[in-house]
There are 2 protein chains.
Amino acid sequence: MRSFLKMTKKEIIIESALNLFSTKGFEGTSVREIATEAAVNVAMINYYFGSKENLFKRVVEYRASFLKGIFADLINNSSLSSIEKIDFIIDQTIERKLSNAQFHHILHRELSLEHRPELREAISDILLKNMAPMKTIIKNGIHDGEFKQVDIELTLTTLLGTIHYLLTSDIMCRKILGKKEGFSPFQNKYLKKRLSEHTKQLMRSHLLKK
Amino acid sequence: MRSFLKMTKKEIIIESALNLFSTKGFEGTSVREIATEAAVNVAMINYYFGSKENLFKRVVEYRASFLKGIFADLINNSSLSSIEKIDFIIDQTIERKLSNAQFHHILHRELSLEHRPELREAISDILLKNMAPMKTIIKNGIHDGEFKQVDIELTLTTLLGTIHYLLTSDIMCRKILGKKEGFSPFQNKYLKKRLSEHTKQLMRSHLLKK
DNA sequence: AAATTTTAATTAAACGTTTGTTTAGTTTTA
DNA sequence: TAAAACTAAACAAACGTTTAATTAAAATTT
């Protein structure tokens, strides 16, 4: 059992729901399971959130706030070259995706479904807002002559796609890297370093002029 | 309604299930929905497949056979350089992922869940078998001195991740590419070409020695 | 070729569970 | 003492599955 120290019951429910939704999916998780995990009465969930679907939205909102405003001040940092900014973005993205792997699973799973269109809209907006500053950095790099004239949107897709694809599941990650069953990828320093080095090298040869 | 010409009822059920599972998820789809879509009695599903979960496995098996044995003979084709083989793989992968987008959603969604471990095992094996010949091609390219000494597994991750990430959802695809709501990405020739050119260019600068 | 038997396909109805949600009452807090 | 937090129990609806009966097709025997 996790420790729910210094948390309101509402937060405990959200954290429990996040945990279950990410491993079992929305429809695969019952409110009774959430209640048990959070050690509260079933009725409390509807008392606090009105409905299961509403709880789901609050889970997304709750965690989405973690992602806000990153990279925004990186754009105007004149002491870094564009490729150094890309390096920074790569490490930040790996760090963030690794430590919130579960949450990212929820987002992308929901995106690939055709239920709850407003939620899909909200999720894609979250992800897109995150891409906006990256886009500007590449654009500036091109404008300054540091970068080649690449396809900006698809370059971002490559950056995020590489990291995301590896983290789709622990099982795939293990198999891609040829690791044994004991290997748990998501808390692994070696994995972080290897992924970081590959992605940086990739972006350098893709972006930098010769 | 789709036309189920020249299909056995079993196949009709599988196709209907594939369609619904991919848009609403496994738990989000009821057997009654599947029965309605396939225009058969509810009991027929358990009659033919035993259970809903079994039907799901059969859906995966059914479509997985489409993916078998591709690229296997590409390895020994001596009339193509390694980078030309990569080009071929890129176009094939785009084509295949685009025309089976729904099915790929099912696979990756199931992978990101922690339900049904045997199925996750089976799916990751399917995906991995697909990567094996690609791996060999890159390995050979390196050995022949045509390619740099890159991280082979992560290079594949990049190749597949780029394509996969763009196709996570039509809504994300539209937003990444800055298209209006009418734009339907998955049957779009322009998208194919743009994605193909970007990925090829990316792989060339990543793999080829200068 | 017709009649008969056997097997397979199909159906409507019901099964017991589980689902998300609500109610009505109780305890706790302010 | 009024509002908020919390509980056990019950709610109807939906779930996957099974049953028992019927129709259609295939195989076998006359």
# chains A, B, ... in the order shown; residues from 1 in each chain; ligands from 1

$ interface_residues --of "chain A" --to "chain C" --cutoff "9 Å" --atoms "only C-alpha atoms (C1' of nucleotides)" --output "list in words"
Ser30, Val31, Ala43, Asn46, Ser51 and Lys52 of chain A

$ write_last_selection --atoms "N, CA and C atoms" --output "mmCIF file, in the first residue's frame"
data_model
loop_
_atom_site.group_PDB
_atom_site.id
_atom_site.type_symbol
_atom_site.label_atom_id
_atom_site.label_comp_id
_atom_site.auth_asym_id
_atom_site.auth_seq_id
_atom_site.Cartn_x
_atom_site.Cartn_y
_atom_site.Cartn_z
ATOM 1 N N SER A 30 -13.434 -0.401 -11.752
ATOM 2 C CA SER A 30 -14.739 -0.124 -11.150
ATOM 3 C C SER A 30 -14.583 0.875 -10.012
ATOM 4 N N VAL A 31 -15.650 1.609 -9.757
ATOM 5 C CA VAL A 31 -15.590 2.588 -8.671
ATOM 6 C C VAL A 31 -15.363 1.897 -7.329
ATOM 7 N N ALA A 43 -19.632 5.396 -1.846
ATOM 8 C CA ALA A 43 -20.490 6.560 -2.074
ATOM 9 C C ALA A 43 -19.706 7.865 -2.080
ATOM 10 N N ASN A 46 -18.949 9.406 -5.614
ATOM 11 C CA ASN A 46 -20.013 10.199 -6.221
ATOM 12 C C ASN A 46 -20.315 11.441 -5.397
ATOM 13 N N SER A 51 -19.669 11.707 -10.549
ATOM 14 C CA SER A 51 -19.741 10.500 -11.371
ATOM 15 C C SER A 51 -18.331 9.977 -11.631
ATOM 16 N N LYS A 52 -18.262 8.766 -12.123
ATOM 17 C CA LYS A 52 -16.974 8.151 -12.452
ATOM 18 C C LYS A 52 -16.278 8.928 -13.567
#

$ closest_atom_pairs --of "chain D" --to "chain B" --cutoff "8 Å" --atoms "only C-alpha atoms (C1' of nucleotides)" --output "CSV"
residue,atom,partner,partner_atom,distance
D:DC15,C1',B:Ser30,CA,7.6
D:DG16,C1',B:Val31,CA,7.4
D:DT17,C1',B:Asn46,CA,7.5

$ write_last_selection --atoms "C-alpha atoms (C1' of nucleotides)" --output "PDB file, in the first residue's frame"
ATOM      1  C1'  DC D  15     -22.853  -7.126 -18.179  1.00  0.00           C
ATOM      2  C1'  DG D  16     -21.022 -11.928 -20.030  1.00  0.00           C
ATOM      3  C1'  DT D  17     -22.785 -16.325 -20.206  1.00  0.00           C
TER       4       DT D  17
END

$ interface_residues --of "chain B" --to "chain A" --cutoff "7 Å" --atoms "only C-alpha atoms" --output "PDB file with N, CA and C atoms, in the first residue's frame"
ATOM      1  N   THR B  23     -12.224   1.100 -31.604  1.00  0.00           N
ATOM      2  CA  THR B  23     -12.729   2.452 -31.337  1.00  0.00           C
ATOM      3  C   THR B  23     -13.213   2.652 -29.912  1.00  0.00           C
ATOM      4  N   LYS B  24     -13.611   1.560 -29.243  1.00  0.00           N
ATOM      5  CA  LYS B  24     -14.170   1.711 -27.893  1.00  0.00           C
ATOM      6  C   LYS B  24     -13.406   0.923 -26.848  1.00  0.00           C
ATOM      7  N   GLY B  25     -12.408   0.171 -27.249  1.00  0.00           N
ATOM      8  CA  GLY B  25     -11.650  -0.626 -26.300  1.00  0.00           C
ATOM      9  C   GLY B  25     -12.336  -1.940 -25.971  1.00  0.00           C
ATOM     10  N   GLU B  27     -12.986  -3.458 -22.862  1.00  0.00           N
ATOM     11  CA  GLU B  27     -14.005  -3.368 -21.798  1.00  0.00           C
ATOM     12  C   GLU B  27     -15.116  -2.406 -22.190  1.00  0.00           C
ATOM     13  N   GLY B  28     -14.813  -1.486 -23.094  1.00  0.00           N
ATOM     14  CA  GLY B  28     -15.807  -0.510 -23.523  1.00  0.00           C
ATOM     15  C   GLY B  28     -16.784  -1.049 -24.549  1.00  0.00           C
ATOM     16  N   HIS B 105      -3.959   0.344 -33.017  1.00  0.00           N
ATOM     17  CA  HIS B 105      -4.454   0.956 -31.782  1.00  0.00           C
ATOM     18  C   HIS B 105      -4.777  -0.106 -30.747  1.00  0.00           C
ATOM     19  N   ARG B 109      -2.804  -0.318 -27.245  1.00  0.00           N
ATOM     20  CA  ARG B 109      -3.626  -0.051 -26.067  1.00  0.00           C
ATOM     21  C   ARG B 109      -3.525  -1.225 -25.100  1.00  0.00           C
ATOM     22  N   LEU B 111      -1.146  -3.334 -24.909  1.00  0.00           N
ATOM     23  CA  LEU B 111       0.217  -3.380 -24.372  1.00  0.00           C
ATOM     24  C   LEU B 111       0.380  -2.455 -23.181  1.00  0.00           C
ATOM     25  N   SER B 112      -0.288  -1.320 -23.218  1.00  0.00           N
ATOM     26  CA  SER B 112      -0.107  -0.326 -22.155  1.00  0.00           C
ATOM     27  C   SER B 112      -0.936  -0.648 -20.921  1.00  0.00           C
ATOM     28  N   LEU B 113      -1.818  -1.629 -21.042  1.00  0.00           N
ATOM     29  CA  LEU B 113      -2.596  -2.074 -19.875  1.00  0.00           C
ATOM     30  C   LEU B 113      -1.841  -3.195 -19.169  1.00  0.00           C
ATOM     31  N   GLU B 114      -2.315  -3.562 -18.005  1.00  0.00           N
ATOM     32  CA  GLU B 114      -1.663  -4.668 -17.295  1.00  0.00           C
ATOM     33  C   GLU B 114      -2.606  -5.855 -17.097  1.00  0.00           C
ATOM     34  N   HIS B 115      -3.679  -5.827 -17.853  1.00  0.00           N
ATOM     35  CA  HIS B 115      -4.584  -6.962 -17.940  1.00  0.00           C
ATOM     36  C   HIS B 115      -3.996  -8.033 -18.856  1.00  0.00           C
ATOM     37  N   SER B 124       3.582  -8.404 -27.915  1.00  0.00           N
ATOM     38  CA  SER B 124       4.955  -7.913 -27.988  1.00  0.00           C
ATOM     39  C   SER B 124       5.806  -8.833 -28.850  1.00  0.00           C
ATOM     40  N   ASP B 151      22.985   3.184 -32.266  1.00  0.00           N
ATOM     41  CA  ASP B 151      22.264   2.304 -31.338  1.00  0.00           C
ATOM     42  C   ASP B 151      21.123   1.634 -32.115  1.00  0.00           C
ATOM     43  N   GLU B 153      18.824  -0.828 -31.661  1.00  0.00           N
ATOM     44  CA  GLU B 153      17.474  -0.973 -31.104  1.00  0.00           C
ATOM     45  C   GLU B 153      16.752   0.368 -31.022  1.00  0.00           C
ATOM     46  N   LEU B 154      17.467   1.397 -30.613  1.00  0.00           N
ATOM     47  CA  LEU B 154      16.805   2.693 -30.471  1.00  0.00           C
ATOM     48  C   LEU B 154      16.581   3.366 -31.821  1.00  0.00           C
ATOM     49  N   THR B 157      13.401   1.987 -32.747  1.00  0.00           N
ATOM     50  CA  THR B 157      12.391   2.656 -31.921  1.00  0.00           C
ATOM     51  C   THR B 157      12.021   4.005 -32.529  1.00  0.00           C
ATOM     52  N   THR B 158      13.027   4.723 -33.000  1.00  0.00           N
ATOM     53  CA  THR B 158      12.782   6.021 -33.629  1.00  0.00           C
ATOM     54  C   THR B 158      11.943   5.861 -34.895  1.00  0.00           C
ATOM     55  N   GLY B 161       8.539   4.632 -33.812  1.00  0.00           N
ATOM     56  CA  GLY B 161       7.930   5.634 -32.922  1.00  0.00           C
ATOM     57  C   GLY B 161       7.443   6.854 -33.676  1.00  0.00           C
ATOM     58  N   THR B 162       8.213   7.305 -34.645  1.00  0.00           N
ATOM     59  CA  THR B 162       7.814   8.471 -35.435  1.00  0.00           C
ATOM     60  C   THR B 162       6.478   8.206 -36.128  1.00  0.00           C
ATOM     61  N   TYR B 165       3.591   7.535 -33.478  1.00  0.00           N
ATOM     62  CA  TYR B 165       3.146   8.694 -32.700  1.00  0.00           C
ATOM     63  C   TYR B 165       2.208   9.574 -33.511  1.00  0.00           C
ATOM     64  N   LEU B 166       2.508   9.722 -34.774  1.00  0.00           N
ATOM     65  CA  LEU B 166       1.650  10.551 -35.625  1.00  0.00           C
ATOM     66  C   LEU B 166       0.267   9.928 -35.805  1.00  0.00           C
ATOM     67  N   THR B 168      -1.355   8.068 -33.586  1.00  0.00           N
ATOM     68  CA  THR B 168      -2.031   7.767 -32.321  1.00  0.00           C
ATOM     69  C   THR B 168      -3.511   8.077 -32.412  1.00  0.00           C
ATOM     70  N   SER B 169      -3.820   9.233 -32.991  1.00  0.00           N
ATOM     71  CA  SER B 169      -5.226   9.588 -33.162  1.00  0.00           C
ATOM     72  C   SER B 169      -5.363  10.578 -34.291  1.00  0.00           C
ATOM     73  N   MET B 172      -4.996  14.180 -32.957  1.00  0.00           N
ATOM     74  CA  MET B 172      -3.631  14.638 -32.711  1.00  0.00           C
ATOM     75  C   MET B 172      -2.915  14.903 -34.031  1.00  0.00           C
ATOM     76  N   ILE B 176      -1.164  18.326 -34.913  1.00  0.00           N
ATOM     77  CA  ILE B 176       0.282  18.412 -35.136  1.00  0.00           C
ATOM     78  C   ILE B 176       0.562  19.048 -36.493  1.00  0.00           C
ATOM     79  N   LEU B 177      -0.183  18.638 -37.488  1.00  0.00           N
ATOM     80  CA  LEU B 177       0.051  19.141 -38.834  1.00  0.00           C
ATOM     81  C   LEU B 177      -0.675  20.456 -39.107  1.00  0.00           C
ATOM     82  N   HIS B 198      10.128  12.804 -44.624  1.00  0.00           N
ATOM     83  CA  HIS B 198      10.775  13.188 -43.364  1.00  0.00           C
ATOM     84  C   HIS B 198      11.562  12.025 -42.777  1.00  0.00           C
ATOM     85  N   LEU B 202      15.524  11.714 -42.267  1.00  0.00           N
ATOM     86  CA  LEU B 202      15.987  11.519 -40.892  1.00  0.00           C
ATOM     87  C   LEU B 202      16.945  10.345 -40.804  1.00  0.00           C
ATOM     88  N   SER B 205      20.430  10.946 -42.581  1.00  0.00           N
ATOM     89  CA  SER B 205      21.421  11.735 -41.837  1.00  0.00           C
ATOM     90  C   SER B 205      21.836  11.031 -40.551  1.00  0.00           C
ATOM     91  N   HIS B 206      20.967  10.178 -40.049  1.00  0.00           N
ATOM     92  CA  HIS B 206      21.311   9.449 -38.819  1.00  0.00           C
ATOM     93  C   HIS B 206      22.240   8.264 -39.110  1.00  0.00           C
TER      94      HIS B 206
END

$ atom_distance --atom1 "atom CA of B:Ser196" --atom2 "atom CA of B:Gln92"
9.8 Å

$ residues_around --residues "A:Met134" --least-positions-apart "2" --cutoff "8 Å" --atoms "only C-alpha atoms (C1' of nucleotides)" --output "number ranges by chain"
A: 71, 86, 89, 130-132, 136-138, 156

$ residues_around --residues "B:Asn76" --least-positions-apart "3" --cutoff "12 Å" --atoms "only C-alpha atoms (C1' of nucleotides)" --output "CSV table (one decimal) with N, CA and C atoms, in the first residue's frame"
chain,number,residue,atom,x,y,z
B,71,PHE,N,9.5,-8.3,-45.0
B,71,PHE,CA,10.9,-7.9,-44.9
B,71,PHE,C,11.9,-9.1,-44.8
B,72,ALA,N,11.4,-10.3,-44.7
B,72,ALA,CA,12.3,-11.4,-44.4
B,72,ALA,C,13.2,-11.6,-45.6
B,73,ASP,N,12.7,-11.5,-46.8
B,73,ASP,CA,13.5,-11.8,-48.0
B,73,ASP,C,14.3,-10.5,-48.5
B,79,SER,N,20.8,-6.5,-54.6
B,79,SER,CA,20.8,-5.4,-55.6
B,79,SER,C,20.4,-4.1,-55.0
B,80,LEU,N,20.1,-4.1,-53.7
B,80,LEU,CA,19.8,-2.9,-53.0
B,80,LEU,C,20.9,-2.6,-51.9
B,81,SER,N,21.2,-1.3,-51.8
B,81,SER,CA,22.1,-0.9,-50.7
B,81,SER,C,21.3,-0.9,-49.4
B,82,SER,N,22.0,-0.9,-48.3
B,82,SER,CA,21.3,-0.9,-47.0
B,82,SER,C,20.4,0.3,-46.8
B,85,LYS,N,17.2,-0.3,-48.6
B,85,LYS,CA,16.4,-1.2,-47.9
B,85,LYS,C,15.6,-0.5,-46.7
B,133,PRO,N,13.9,-8.5,-38.8
B,133,PRO,CA,14.6,-8.3,-40.0
B,133,PRO,C,15.2,-6.9,-40.2
B,136,THR,N,18.4,-6.7,-38.5
B,136,THR,CA,19.5,-7.4,-39.3
B,136,THR,C,20.0,-6.4,-40.4
B,137,ILE,N,19.1,-5.7,-41.0
B,137,ILE,CA,19.5,-4.8,-42.1
B,137,ILE,C,20.4,-3.7,-41.6
B,140,ASN,N,23.8,-5.2,-40.7
B,140,ASN,CA,24.6,-5.4,-41.9
B,140,ASN,C,25.2,-4.1,-42.5

$ closest_residue --among "B:Ile83, B:Leu98, B:Leu107, B:Ile12" --to "B:Ala38" --atoms "only C-alpha atoms"
B:Ile12

$ atom_distance --atom1 "atom CA of A:Lys200" --atom2 "atom CA of A:Glu181"
28.1 Å

$ select_by_dssp --residues "stretch 142-194 of chain B" --states "alpha helix (DSSP H)" --output "VMD selection string"
chain B and resid 142 to 143 152 to 166 170 to 177 189 to 194
